[in-house]
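This is work-v1.cif (mmCIF, C-alpha atoms and all ligand atoms).
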```
data_protein
loop_
_atom_site.group_PDB
_atom_site.id
_atom_site.type_symbol
_atom_site.label_atom_id
_atom_site.label_comp_id
_atom_site.auth_asym_id
_atom_site.auth_seq_id
_atom_site.Cartn_x
_atom_site.Cartn_y
_atom_site.Cartn_z
ATOM 1 C CA MET S 1 -53.623 -19.966 28.525
ATOM 2 C CA LEU S 2 -49.903 -20.622 28.878
ATOM 3 C CA LEU S 3 -47.400 -18.011 27.714
ATOM 4 C CA ILE S 4 -44.601 -19.944 26.011
ATOM 5 C CA ASP S 5 -41.231 -18.329 25.309
ATOM 6 C CA CYS S 6 -40.048 -19.692 21.952
ATOM 7 C CA PRO S 7 -36.211 -19.489 21.875
ATOM 8 C CA TYR S 8 -36.481 -18.051 18.337
ATOM 9 C CA CYS S 9 -39.612 -15.837 18.414
ATOM 10 C CA GLY S 10 -40.059 -14.801 22.041
ATOM 11 C CA PRO S 11 -43.193 -15.126 24.189
ATOM 12 C CA ARG S 12 -46.299 -16.329 22.343
ATOM 13 C CA ALA S 13 -49.729 -17.633 23.259
ATOM 14 C CA GLU S 14 -50.140 -21.367 23.806
ATOM 15 C CA ILE S 15 -52.481 -21.736 20.784
ATOM 16 C CA GLU S 16 -49.503 -21.226 18.436
ATOM 17 C CA PHE S 17 -47.766 -24.363 19.777
ATOM 18 C CA ALA S 18 -48.081 -28.114 19.543
ATOM 19 C CA TYR S 19 -47.058 -30.284 22.480
ATOM 20 C CA GLY S 20 -44.352 -32.868 21.804
ATOM 21 C CA GLY S 21 -44.268 -34.976 24.982
ATOM 22 C CA GLU S 22 -41.343 -35.785 27.233
ATOM 23 C CA ALA S 23 -37.923 -34.593 25.994
ATOM 24 C CA HIS S 24 -34.513 -36.282 25.964
ATOM 25 C CA ILE S 25 -35.808 -39.730 24.973
ATOM 26 C CA ALA S 26 -33.183 -41.317 22.735
ATOM 27 C CA ARG S 27 -34.376 -43.517 19.892
ATOM 28 C CA PRO S 28 -32.806 -46.978 20.342
ATOM 29 C CA ALA S 29 -31.111 -48.936 17.561
ATOM 30 C CA ALA S 30 -33.469 -50.881 15.282
ATOM 31 C CA ASP S 31 -32.336 -54.309 16.553
ATOM 32 C CA VAL S 32 -33.447 -53.934 20.197
ATOM 33 C CA SER S 33 -35.954 -56.352 21.732
ATOM 34 C CA GLU S 34 -39.688 -55.775 21.406
ATOM 35 C CA ALA S 35 -39.875 -54.950 25.103
ATOM 36 C CA GLU S 36 -37.201 -52.259 24.769
ATOM 37 C CA TRP S 37 -38.896 -50.840 21.668
ATOM 38 C CA ALA S 38 -42.256 -50.784 23.448
ATOM 39 C CA ALA S 39 -40.632 -48.964 26.364
ATOM 40 C CA PHE S 40 -39.215 -46.376 23.983
ATOM 41 C CA LEU S 41 -42.611 -45.849 22.393
ATOM 42 C CA TYR S 42 -44.887 -45.905 25.415
ATOM 43 C CA LEU S 43 -43.181 -45.749 28.811
ATOM 44 C CA ARG S 44 -42.839 -42.240 30.267
ATOM 45 C CA ASP S 45 -41.858 -40.996 33.726
ATOM 46 C CA ASN S 46 -45.191 -39.202 34.358
ATOM 47 C CA THR S 47 -43.234 -36.698 36.439
ATOM 48 C CA LYS S 48 -44.820 -34.877 39.356
ATOM 49 C CA GLY S 49 -42.589 -31.817 39.458
ATOM 50 C CA VAL S 50 -40.183 -30.307 36.932
ATOM 51 C CA LEU S 51 -40.529 -32.091 33.570
ATOM 52 C CA ALA S 52 -38.391 -31.602 30.461
ATOM 53 C CA GLU S 53 -40.789 -31.591 27.533
ATOM 54 C CA ARG S 54 -40.823 -30.800 23.824
ATOM 55 C CA TRP S 55 -42.885 -28.084 22.179
ATOM 56 C CA ARG S 56 -43.153 -27.140 18.532
ATOM 57 C CA HIS S 57 -43.908 -23.575 17.460
ATOM 58 C CA SER S 58 -46.185 -24.943 14.755
ATOM 59 C CA HIS S 59 -47.961 -21.653 13.981
ATOM 60 C CA GLY S 60 -44.742 -19.613 14.166
ATOM 61 C CA CYS S 61 -41.175 -20.450 13.261
ATOM 62 C CA GLY S 62 -42.003 -24.163 13.022
ATOM 63 C CA ARG S 63 -39.101 -25.274 15.229
ATOM 64 C CA PHE S 64 -39.084 -27.842 18.009
ATOM 65 C CA PHE S 65 -37.524 -26.759 21.314
ATOM 66 C CA ASN S 66 -37.480 -27.978 24.912
ATOM 67 C CA ALA S 67 -38.975 -26.507 28.060
ATOM 68 C CA LEU S 68 -38.809 -27.249 31.775
ATOM 69 C CA ARG S 69 -42.319 -27.086 33.247
ATOM 70 C CA ASP S 70 -43.497 -27.896 36.731
ATOM 71 C CA THR S 71 -46.415 -30.275 36.197
ATOM 72 C CA ARG S 72 -47.898 -29.307 39.580
ATOM 73 C CA THR S 73 -48.148 -25.576 38.861
ATOM 74 C CA ASP S 74 -47.703 -25.244 35.076
ATOM 75 C CA ARG S 75 -44.910 -22.779 35.792
ATOM 76 C CA PHE S 76 -42.120 -22.779 33.178
ATOM 77 C CA HIS S 77 -38.539 -22.638 34.458
ATOM 78 C CA ALA S 78 -36.520 -22.673 31.230
ATOM 79 C CA PHE S 79 -36.779 -22.818 27.445
ATOM 80 C CA TYR S 80 -33.837 -24.215 25.487
ATOM 81 C CA GLU S 81 -32.879 -25.436 22.051
ATOM 82 C CA ILE S 82 -33.101 -29.062 20.916
ATOM 83 C CA GLY S 83 -29.701 -30.733 21.253
ATOM 84 C CA THR S 84 -28.595 -28.681 24.251
ATOM 85 C CA PRO S 85 -28.473 -30.249 27.722
ATOM 86 C CA ARG S 86 -31.239 -29.864 30.273
ATOM 87 C CA PRO S 87 -30.571 -26.682 32.319
ATOM 88 C CA ASP S 88 -30.082 -27.178 36.043
ATOM 89 C CA VAL S 89 -32.883 -25.452 37.927
ATOM 90 C CA GLY S 90 -32.544 -27.635 41.025
ATOM 91 C CA ASP S 91 -35.886 -28.870 42.331
ATOM 92 C CA ALA S 92 -37.491 -25.448 41.899
ATOM 93 C CA ALA S 93 -41.167 -25.418 42.731
ATOM 94 C CA MET I 1 -59.825 -1.627 -1.843
ATOM 95 C CA VAL I 2 -63.091 -2.057 0.024
ATOM 96 C CA GLU I 3 -63.762 -0.074 3.177
ATOM 97 C CA ILE I 4 -64.678 -2.603 5.867
ATOM 98 C CA ALA I 5 -64.724 -0.199 8.823
ATOM 99 C CA GLU I 6 -64.541 3.557 9.027
ATOM 100 C CA GLY I 7 -61.075 4.461 7.742
ATOM 101 C CA CYS I 8 -60.023 0.859 7.208
ATOM 102 C CA ALA I 9 -59.809 -0.888 3.848
ATOM 103 C CA LEU I 10 -59.225 -4.494 2.807
ATOM 104 C CA ALA I 11 -57.928 -5.505 -0.618
ATOM 105 C CA GLY I 12 -56.957 -8.797 -2.198
ATOM 106 C CA LEU I 13 -53.396 -8.644 -3.498
ATOM 107 C CA PRO I 14 -52.637 -9.542 -7.111
ATOM 108 C CA PRO I 15 -50.889 -12.854 -7.865
ATOM 109 C CA MET I 16 -47.181 -12.805 -7.009
ATOM 110 C CA VAL I 17 -44.246 -15.180 -6.968
ATOM 111 C CA ARG I 18 -43.599 -16.655 -3.521
ATOM 112 C CA LEU I 19 -40.688 -18.951 -2.679
ATOM 113 C CA VAL I 20 -40.017 -20.734 0.605
ATOM 114 C CA LEU I 21 -36.332 -21.355 1.176
ATOM 115 C CA GLN I 22 -35.163 -23.731 3.891
ATOM 116 C CA GLY I 23 -31.482 -24.176 4.572
ATOM 117 C CA ARG I 24 -28.579 -23.406 6.847
ATOM 118 C CA ALA I 25 -26.767 -20.084 7.083
ATOM 119 C CA ALA I 26 -24.862 -20.553 3.804
ATOM 120 C CA ALA I 27 -28.087 -20.995 1.828
ATOM 121 C CA LEU I 28 -29.840 -18.045 3.476
ATOM 122 C CA ASP I 29 -26.737 -15.879 2.946
ATOM 123 C CA ALA I 30 -26.523 -16.816 -0.745
ATOM 124 C CA ALA I 31 -30.196 -16.015 -1.332
ATOM 125 C CA ALA I 32 -29.918 -12.698 0.531
ATOM 126 C CA THR I 33 -26.900 -11.687 -1.533
ATOM 127 C CA SER I 34 -28.733 -12.473 -4.777
ATOM 128 C CA LEU I 35 -31.579 -10.180 -3.669
ATOM 129 C CA GLY I 36 -29.099 -7.355 -3.086
ATOM 130 C CA LEU I 37 -29.074 -7.632 0.710
ATOM 131 C CA ALA I 38 -25.936 -7.541 2.868
ATOM 132 C CA ALA I 39 -27.317 -10.374 5.037
ATOM 133 C CA PRO I 40 -30.585 -12.255 5.613
ATOM 134 C CA PRO I 41 -32.982 -10.222 7.763
ATOM 135 C CA PRO I 42 -32.965 -11.139 11.483
ATOM 136 C CA MET I 43 -35.749 -13.308 12.939
ATOM 137 C CA LEU I 44 -39.247 -11.913 12.368
ATOM 138 C CA ARG I 45 -38.061 -9.128 10.096
ATOM 139 C CA ALA I 46 -38.414 -8.368 6.377
ATOM 140 C CA ALA I 47 -35.812 -6.723 4.167
ATOM 141 C CA SER I 48 -36.019 -5.581 0.550
ATOM 142 C CA GLY I 49 -33.239 -5.374 -2.007
ATOM 143 C CA THR I 50 -33.033 -4.841 -5.735
ATOM 144 C CA GLY I 51 -34.004 -8.478 -6.430
ATOM 145 C CA GLY I 52 -36.982 -8.683 -4.089
ATOM 146 C CA THR I 53 -38.023 -9.050 -0.466
ATOM 147 C CA ALA I 54 -36.917 -11.672 2.058
ATOM 148 C CA LEU I 55 -39.003 -12.394 5.159
ATOM 149 C CA ARG I 56 -37.422 -14.353 8.033
ATOM 150 C CA LEU I 57 -40.061 -16.886 9.012
ATOM 151 C CA GLY I 58 -37.741 -19.075 11.059
ATOM 152 C CA PRO I 59 -34.080 -19.543 11.949
ATOM 153 C CA PHE I 60 -33.606 -21.730 8.858
ATOM 154 C CA GLU I 61 -36.432 -20.411 6.707
ATOM 155 C CA LEU I 62 -37.062 -17.439 4.409
ATOM 156 C CA LEU I 63 -40.129 -16.455 2.435
ATOM 157 C CA ILE I 64 -38.849 -14.768 -0.718
ATOM 158 C CA LEU I 65 -40.948 -12.415 -2.865
ATOM 159 C CA PRO I 66 -38.666 -11.876 -5.859
ATOM 160 C CA THR I 67 -39.059 -9.176 -8.478
ATOM 161 C CA PRO I 68 -39.689 -10.518 -12.019
ATOM 162 C CA ASP I 69 -35.939 -10.218 -12.683
ATOM 163 C CA GLY I 70 -34.897 -11.432 -9.238
ATOM 164 C CA ARG I 71 -36.133 -15.016 -9.517
ATOM 165 C CA ALA I 72 -33.343 -16.264 -11.799
ATOM 166 C CA GLY I 73 -30.719 -14.759 -9.504
ATOM 167 C CA VAL I 74 -32.047 -16.744 -6.540
ATOM 168 C CA ASP I 75 -31.838 -20.001 -8.492
ATOM 169 C CA THR I 76 -28.298 -19.245 -9.648
ATOM 170 C CA ALA I 77 -27.082 -18.222 -6.199
ATOM 171 C CA LEU I 78 -28.409 -21.426 -4.617
ATOM 172 C CA ALA I 79 -27.169 -23.803 -7.305
ATOM 173 C CA THR I 80 -24.100 -24.935 -5.359
ATOM 174 C CA VAL I 81 -25.484 -24.724 -1.802
ATOM 175 C CA PRO I 82 -27.558 -27.477 -0.109
ATOM 176 C CA HIS I 83 -31.092 -26.135 0.346
ATOM 177 C CA SER I 84 -34.797 -26.657 -0.281
ATOM 178 C CA LEU I 85 -36.567 -24.090 -2.448
ATOM 179 C CA VAL I 86 -40.312 -24.511 -2.964
ATOM 180 C CA GLU I 87 -42.522 -22.242 -4.993
ATOM 181 C CA VAL I 88 -45.768 -21.582 -3.107
ATOM 182 C CA SER I 89 -47.103 -18.760 -5.292
ATOM 183 C CA ASP I 90 -50.457 -20.451 -5.772
ATOM 184 C CA ARG I 91 -50.727 -21.945 -2.268
ATOM 185 C CA ASN I 92 -51.111 -18.529 -0.650
ATOM 186 C CA VAL I 93 -53.403 -15.594 -1.147
ATOM 187 C CA GLY I 94 -52.432 -12.138 0.048
ATOM 188 C CA PHE I 95 -54.520 -9.361 1.565
ATOM 189 C CA MET I 96 -53.651 -5.767 2.334
ATOM 190 C CA LEU I 97 -55.344 -4.332 5.411
ATOM 191 C CA GLU I 98 -54.910 -0.586 5.747
ATOM 192 C CA GLY I 99 -56.197 2.156 7.980
ATOM 193 C CA ALA I 100 -56.268 3.624 11.450
ATOM 194 C CA ARG I 101 -58.129 0.595 12.863
ATOM 195 C CA ALA I 102 -56.152 -2.091 11.018
ATOM 196 C CA ALA I 103 -54.182 -3.126 14.121
ATOM 197 C CA ASP I 104 -57.394 -3.225 16.182
ATOM 198 C CA ILE I 105 -59.053 -5.500 13.624
ATOM 199 C CA LEU I 106 -56.095 -7.927 13.685
ATOM 200 C CA ALA I 107 -56.126 -7.847 17.484
ATOM 201 C CA GLY I 108 -59.698 -9.127 17.330
ATOM 202 C CA LEU I 109 -58.468 -12.347 15.698
ATOM 203 C CA CYS I 110 -54.967 -12.820 17.143
ATOM 204 C CA PRO I 111 -53.431 -12.543 20.647
ATOM 205 C CA LEU I 112 -50.255 -10.779 19.445
ATOM 206 C CA ASP I 113 -49.637 -7.185 20.548
ATOM 207 C CA PHE I 114 -49.936 -5.014 17.426
ATOM 208 C CA ALA I 115 -48.855 -1.755 19.104
ATOM 209 C CA LEU I 116 -46.168 -0.072 16.994
ATOM 210 C CA SER I 117 -43.692 -0.394 19.866
ATOM 211 C CA SER I 118 -43.952 -4.196 20.020
ATOM 212 C CA PHE I 119 -44.824 -4.920 16.366
ATOM 213 C CA PRO I 120 -42.864 -2.261 14.447
ATOM 214 C CA VAL I 121 -42.872 -1.544 10.718
ATOM 215 C CA GLY I 122 -40.858 -4.267 8.967
ATOM 216 C CA MET I 123 -41.783 -6.964 11.492
ATOM 217 C CA MET I 124 -43.461 -10.112 10.228
ATOM 218 C CA THR I 125 -44.407 -13.446 11.725
ATOM 219 C CA ARG I 126 -46.455 -16.541 11.196
ATOM 220 C CA THR I 127 -49.293 -16.763 13.668
ATOM 221 C CA LEU I 128 -53.012 -17.562 13.828
ATOM 222 C CA LEU I 129 -55.886 -15.409 12.574
ATOM 223 C CA ASP I 130 -58.777 -16.909 14.492
ATOM 224 C CA LYS I 131 -58.407 -20.620 13.532
ATOM 225 C CA ALA I 132 -56.313 -20.234 10.366
ATOM 226 C CA GLY I 133 -52.537 -20.126 10.112
ATOM 227 C CA ALA I 134 -51.446 -16.777 8.679
ATOM 228 C CA MET I 135 -48.420 -14.619 8.047
ATOM 229 C CA ILE I 136 -48.699 -10.982 9.099
ATOM 230 C CA TRP I 137 -46.216 -8.381 7.863
ATOM 231 C CA ARG I 138 -46.411 -4.744 8.928
ATOM 232 C CA THR I 139 -45.393 -2.790 5.810
ATOM 233 C CA ASP I 140 -46.301 0.617 7.240
ATOM 234 C CA ALA I 141 -47.615 2.062 10.489
ATOM 235 C CA GLN I 142 -51.205 1.446 9.371
ATOM 236 C CA SER I 143 -50.688 -1.222 6.696
ATOM 237 C CA PHE I 144 -50.476 -4.990 7.034
ATOM 238 C CA HIS I 145 -49.721 -7.545 4.333
ATOM 239 C CA ILE I 146 -51.507 -10.770 5.317
ATOM 240 C CA GLU I 147 -50.885 -14.151 3.708
ATOM 241 C CA VAL I 148 -52.984 -17.256 4.280
ATOM 242 C CA TRP I 149 -53.310 -20.571 2.524
ATOM 243 C CA ARG I 150 -55.664 -20.186 -0.432
ATOM 244 C CA SER I 151 -58.394 -22.428 0.963
ATOM 245 C CA PHE I 152 -58.499 -20.296 4.152
ATOM 246 C CA GLY I 153 -58.838 -17.042 2.148
ATOM 247 C CA PRO I 154 -62.643 -16.704 2.182
ATOM 248 C CA TYR I 155 -62.764 -17.664 5.870
ATOM 249 C CA VAL I 156 -60.104 -15.145 6.940
ATOM 250 C CA GLU I 157 -61.643 -12.406 4.816
ATOM 251 C CA ALA I 158 -65.048 -13.062 6.393
ATOM 252 C CA GLN I 159 -63.543 -12.989 9.896
ATOM 253 C CA LEU I 160 -61.763 -9.676 9.176
ATOM 254 C CA ARG I 161 -65.048 -8.189 7.960
ATOM 255 C CA GLU I 162 -66.896 -9.528 11.008
ATOM 256 C CA VAL I 163 -64.443 -7.866 13.420
ATOM 257 C CA ALA I 164 -64.481 -4.663 11.351
ATOM 258 C CA GLN I 165 -68.266 -4.589 11.578
ATOM 259 C CA GLY I 166 -68.085 -4.984 15.353
ATOM 260 C CA ILE I 167 -65.605 -2.136 15.583
ATOM 261 C CA SER I 168 -67.860 0.034 13.420
ATOM 262 C CA PHE I 169 -70.775 -0.614 15.779
ATOM 263 C CA SER I 170 -68.649 0.277 18.794
ATOM 264 C CA LEU I 171 -67.658 3.516 17.040
ATOM 265 C CA LEU I 172 -71.329 4.334 16.486
ATOM 266 C CA ALA I 173 -72.103 3.740 20.151
ATOM 267 C CA VAL I 174 -69.460 6.207 21.392
HETATM 268 ZN ZN ZN N 1 -40.884 -19.672 17.258
#
```

Translate the structure of the given file into structure tokens.
Amino acid sequence: MLLIDCPYCGPRAEIEFAYGGEAHIARPAADVSEAEWAAFLYLRDNTKGVLAERWRHSHGCGRFFNALRDTRTDRFHAFYEIGTPRPDVGDAA
Amino acid sequence: MVEIAEGCALAGLPPMVRLVLQGRAAALDAAATSLGLAAPPPMLRAASGTGGTALRLGPFELLILPTPDGRAGVDTALATVPHSLVEVSDRNVGFMLEGARAADILAGLCPLDFALSSFPVGMMTRTLLDKAGAMIWRTDAQSFHIEVWRSFGPYVEAQLREVAQGISFSLLAV
């Protein structure tokens, strides 16, 4: 069980949250090529290390927020609001 | 009130008006003022004024339980402010869980810490009760107002009784 620190509610159990996939992926304009649209929909970095990802506190405040999680250890390094830049945690392990 | 464990009672709450308000600070401020509050309650807190009670479900969300006279004031106060106001009176059912073991019974269905120091009187939050989404509001040291969606009501009530029965057995064994 992960302990996830919602920026609005504080630390809560993982079962209250829904995972939202990789963060900071900008939606392209509607007139891009099919290949670019497919890349937006399906291509992800599959990071081994610190990944910026979205979570939604679906059984709490209902808000989306971002987290930095090391995919090797499941350790969280930061939680931050949608629309704010990715915090610099170096290549913390 | 039905006693479901020694010194712990569960009751269904009577029908009441429930409004969910979503909006930015101006909308939440206007609604709070109409209820007779100086400001919207902070995150995860409830506050009561002359026009009713406001519960801060999220940074941009209030659950409002207006008094019979308070409802019109909310509508008037919000008339000129962008917002979403949805009446969910019939979507939810409310329970009141009271007694010395009330916090222990909730802890059997939810991973939150219900100690008074970490979940004080006046605190409320949405969370899970076993598999059902629920809102839990501590109205007194040994009293909790619980709200769930109506279709989950029988399930949540049965789960509360199940945990209460387990606690009663453990009391007998001591
Ligand atoms: Zn939250």

(message) Taking only C-alpha atoms into account, name the residue in I:Ala54, I:Val81, I:Leu63, I:Ala164 that is nearest to I:Leu106.
(response)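 That would be I:Ala164, the residue with the smallest distance to I:Leu106.
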
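Put simply, the PyMOL selection byres ((chain S) within 12 of (chain I)) on this file hits Met1, Leu3, Cys6, Pro7, Tyr8, Cys9, Gly10, Pro11, Arg12, Ala13, Glu14, Ile15, Glu16, Phe17, His57, Ser58, His59, Gly60, Cys61, Gly62, Arg63, Phe64 and Glu81 of chain S.
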
Emit the selected residues as a PDB file, in the coordinates of the input, including C-alpha atoms.
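And here is the file that came out, result.pdb:
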```pdb
ATOM      1  CA  MET S   1     -53.623 -19.966  28.525  1.00  0.00           C
ATOM      2  CA  LEU S   3     -47.400 -18.011  27.714  1.00  0.00           C
ATOM      3  CA  CYS S   6     -40.048 -19.692  21.952  1.00  0.00           C
ATOM      4  CA  PRO S   7     -36.211 -19.489  21.875  1.00  0.00           C
ATOM      5  CA  TYR S   8     -36.481 -18.051  18.337  1.00  0.00           C
ATOM      6  CA  CYS S   9     -39.612 -15.837  18.414  1.00  0.00           C
ATOM      7  CA  GLY S  10     -40.059 -14.801  22.041  1.00  0.00           C
ATOM      8  CA  PRO S  11     -43.193 -15.126  24.189  1.00  0.00           C
ATOM      9  CA  ARG S  12     -46.299 -16.329  22.343  1.00  0.00           C
ATOM     10  CA  ALA S  13     -49.729 -17.633  23.259  1.00  0.00           C
ATOM     11  CA  GLU S  14     -50.140 -21.367  23.806  1.00  0.00           C
ATOM     12  CA  ILE S  15     -52.481 -21.736  20.784  1.00  0.00           C
ATOM     13  CA  GLU S  16     -49.503 -21.226  18.436  1.00  0.00           C
ATOM     14  CA  PHE S  17     -47.766 -24.363  19.777  1.00  0.00           C
ATOM     15  CA  HIS S  57     -43.908 -23.575  17.460  1.00  0.00           C
ATOM     16  CA  SER S  58     -46.185 -24.943  14.755  1.00  0.00           C
ATOM     17  CA  HIS S  59     -47.961 -21.653  13.981  1.00  0.00           C
ATOM     18  CA  GLY S  60     -44.742 -19.613  14.166  1.00  0.00           C
ATOM     19  CA  CYS S  61     -41.175 -20.450  13.261  1.00  0.00           C
ATOM     20  CA  GLY S  62     -42.003 -24.163  13.022  1.00  0.00           C
ATOM     21  CA  ARG S  63     -39.101 -25.274  15.229  1.00  0.00           C
ATOM     22  CA  PHE S  64     -39.084 -27.842  18.009  1.00  0.00           C
ATOM     23  CA  GLU S  81     -32.879 -25.436  22.051  1.00  0.00           C
TER      24      GLU S  81
END
```

(message) Given all atoms listed in the file as the basis, pick out the residue of I:Leu78, I:Ile136, I:Gly52, I:Glu87 nearest to I:Ala107.
(response) I:Ile136

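Taking atom CA of I:Pro14 and atom CA of I:Pro40 as endpoints, the distance between them is 25.6 Å.
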
(request) Give the answer as one residue: which of I:Gly36, I:Pro68, I:Gly23, I:Gly108 has the shortest atom-to-atom distance to I:Pro82, using all atoms listed in the file? (result)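 Among I:Gly36, I:Pro68, I:Gly23, I:Gly108, it is I:Gly23 that comes nearest to I:Pro82.
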
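In this comparison, which uses only C-alpha atoms and all ligand atoms, the residue of S:Arg27, S:Arg56, S:Thr47, S:Ala18 approaching ligand ZN 1 (chain N) most closely is S:Arg56.
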
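Between ligand ZN 1 (chain N) and the residues S:Asn66, S:Lys48, S:His77, S:Val89, the shortest atom-to-atom distance, using all atoms listed in the file, involves S:Asn66.
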
(request) Write out as a ChimeraX atom specification the residues lying within 12 Å of I:Glu162, counting all atoms listed in the file and excluding same-chain residues fewer than 3 positions away. (result) /I:4-5,105-106,108-109,130,155-159,165-169

Expected file contents, prior selection, C-alpha atoms, as a PDB file, in the frame of the given file:
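The file below, again-v1.pdb, is the result:
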```pdb
ATOM      1  CA  ILE I   4     -64.678  -2.603   5.867  1.00  0.00           C
ATOM      2  CA  ALA I   5     -64.724  -0.199   8.823  1.00  0.00           C
ATOM      3  CA  ILE I 105     -59.053  -5.500  13.624  1.00  0.00           C
ATOM      4  CA  LEU I 106     -56.095  -7.927  13.685  1.00  0.00           C
ATOM      5  CA  GLY I 108     -59.698  -9.127  17.330  1.00  0.00           C
ATOM      6  CA  LEU I 109     -58.468 -12.347  15.698  1.00  0.00           C
ATOM      7  CA  ASP I 130     -58.777 -16.909  14.492  1.00  0.00           C
ATOM      8  CA  TYR I 155     -62.764 -17.664   5.870  1.00  0.00           C
ATOM      9  CA  VAL I 156     -60.104 -15.145   6.940  1.00  0.00           C
ATOM     10  CA  GLU I 157     -61.643 -12.406   4.816  1.00  0.00           C
ATOM     11  CA  ALA I 158     -65.048 -13.062   6.393  1.00  0.00           C
ATOM     12  CA  GLN I 159     -63.543 -12.989   9.896  1.00  0.00           C
ATOM     13  CA  GLN I 165     -68.266  -4.589  11.578  1.00  0.00           C
ATOM     14  CA  GLY I 166     -68.085  -4.984  15.353  1.00  0.00           C
ATOM     15  CA  ILE I 167     -65.605  -2.136  15.583  1.00  0.00           C
ATOM     16  CA  SER I 168     -67.860   0.034  13.420  1.00  0.00           C
ATOM     17  CA  PHE I 169     -70.775  -0.614  15.779  1.00  0.00           C
TER      18      PHE I 169
END
```

(request) Quote the spacing between atom CA of I:Thr33 and atom CA of I:Ala77 in Å to one decimal place. (result)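 So the answer is 8.0 Å.
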
(request) Quick one: pull the distance between atom CA of I:Leu160 and atom CA of I:Val121, Å, one decimal. (result) 20.6 Å

(request) Write out as a PyMOL selection string each polymer residue whose atoms come within 7 Å of I:Gly94, counting all atoms listed in the file; drop sequence neighbours fewer than 3 positions from it. (result) chain I and resi 12-13+145-148

Could N, CA, C and O atoms be built for stretch 19-31 of chain I and written out as an mmCIF file, in the coordinates of the input?
```cif
data_model
loop_
_atom_site.group_PDB
_atom_site.id
_atom_site.type_symbol
_atom_site.label_atom_id
_atom_site.label_comp_id
_atom_site.auth_asym_id
_atom_site.auth_seq_id
_atom_site.Cartn_x
_atom_site.Cartn_y
_atom_site.Cartn_z
ATOM 1 N N LEU I 19 -41.586 -17.815 -2.806
ATOM 2 C CA LEU I 19 -40.688 -18.951 -2.679
ATOM 3 C C LEU I 19 -40.401 -19.171 -1.195
ATOM 4 O O LEU I 19 -40.152 -18.207 -0.464
ATOM 5 N N VAL I 20 -40.442 -20.426 -0.760
ATOM 6 C CA VAL I 20 -40.017 -20.734 0.605
ATOM 7 C C VAL I 20 -38.661 -21.425 0.525
ATOM 8 O O VAL I 20 -38.519 -22.470 -0.102
ATOM 9 N N LEU I 21 -37.685 -20.809 1.149
ATOM 10 C CA LEU I 21 -36.332 -21.355 1.176
ATOM 11 C C LEU I 21 -36.049 -21.895 2.565
ATOM 12 O O LEU I 21 -36.230 -21.204 3.561
ATOM 13 N N GLN I 22 -35.614 -23.164 2.628
ATOM 14 C CA GLN I 22 -35.163 -23.731 3.891
ATOM 15 C C GLN I 22 -33.715 -24.147 3.713
ATOM 16 O O GLN I 22 -33.363 -24.776 2.708
ATOM 17 N N GLY I 23 -32.886 -23.809 4.672
ATOM 18 C CA GLY I 23 -31.482 -24.176 4.572
ATOM 19 C C GLY I 23 -30.697 -23.575 5.722
ATOM 20 O O GLY I 23 -31.232 -22.809 6.515
ATOM 21 N N ARG I 24 -29.424 -23.947 5.787
ATOM 22 C CA ARG I 24 -28.579 -23.406 6.847
ATOM 23 C C ARG I 24 -28.048 -22.039 6.430
ATOM 24 O O ARG I 24 -28.403 -21.515 5.380
ATOM 25 N N ALA I 25 -27.189 -21.472 7.265
ATOM 26 C CA ALA I 25 -26.767 -20.084 7.083
ATOM 27 C C ALA I 25 -26.237 -19.819 5.680
ATOM 28 O O ALA I 25 -26.536 -18.782 5.072
ATOM 29 N N ALA I 26 -25.466 -20.779 5.119
ATOM 30 C CA ALA I 26 -24.862 -20.553 3.804
ATOM 31 C C ALA I 26 -25.934 -20.343 2.738
ATOM 32 O O ALA I 26 -25.792 -19.481 1.858
ATOM 33 N N ALA I 27 -27.016 -21.117 2.819
ATOM 34 C CA ALA I 27 -28.087 -20.995 1.828
ATOM 35 C C ALA I 27 -28.822 -19.664 1.994
ATOM 36 O O ALA I 27 -29.112 -18.972 1.010
ATOM 37 N N LEU I 28 -29.125 -19.302 3.243
ATOM 38 C CA LEU I 28 -29.840 -18.045 3.476
ATOM 39 C C LEU I 28 -28.969 -16.858 3.057
ATOM 40 O O LEU I 28 -29.465 -15.891 2.463
ATOM 41 N N ASP I 29 -27.660 -16.951 3.346
ATOM 42 C CA ASP I 29 -26.737 -15.879 2.946
ATOM 43 C C ASP I 29 -26.706 -15.730 1.428
ATOM 44 O O ASP I 29 -26.761 -14.614 0.901
ATOM 45 N N ALA I 30 -26.615 -16.868 0.719
ATOM 46 C CA ALA I 30 -26.523 -16.816 -0.745
ATOM 47 C C ALA I 30 -27.776 -16.186 -1.338
ATOM 48 O O ALA I 30 -27.700 -15.346 -2.246
ATOM 49 N N ALA I 31 -28.947 -16.570 -0.807
ATOM 50 C CA ALA I 31 -30.196 -16.015 -1.332
ATOM 51 C C ALA I 31 -30.265 -14.513 -1.046
ATOM 52 O O ALA I 31 -30.658 -13.727 -1.908
#
```
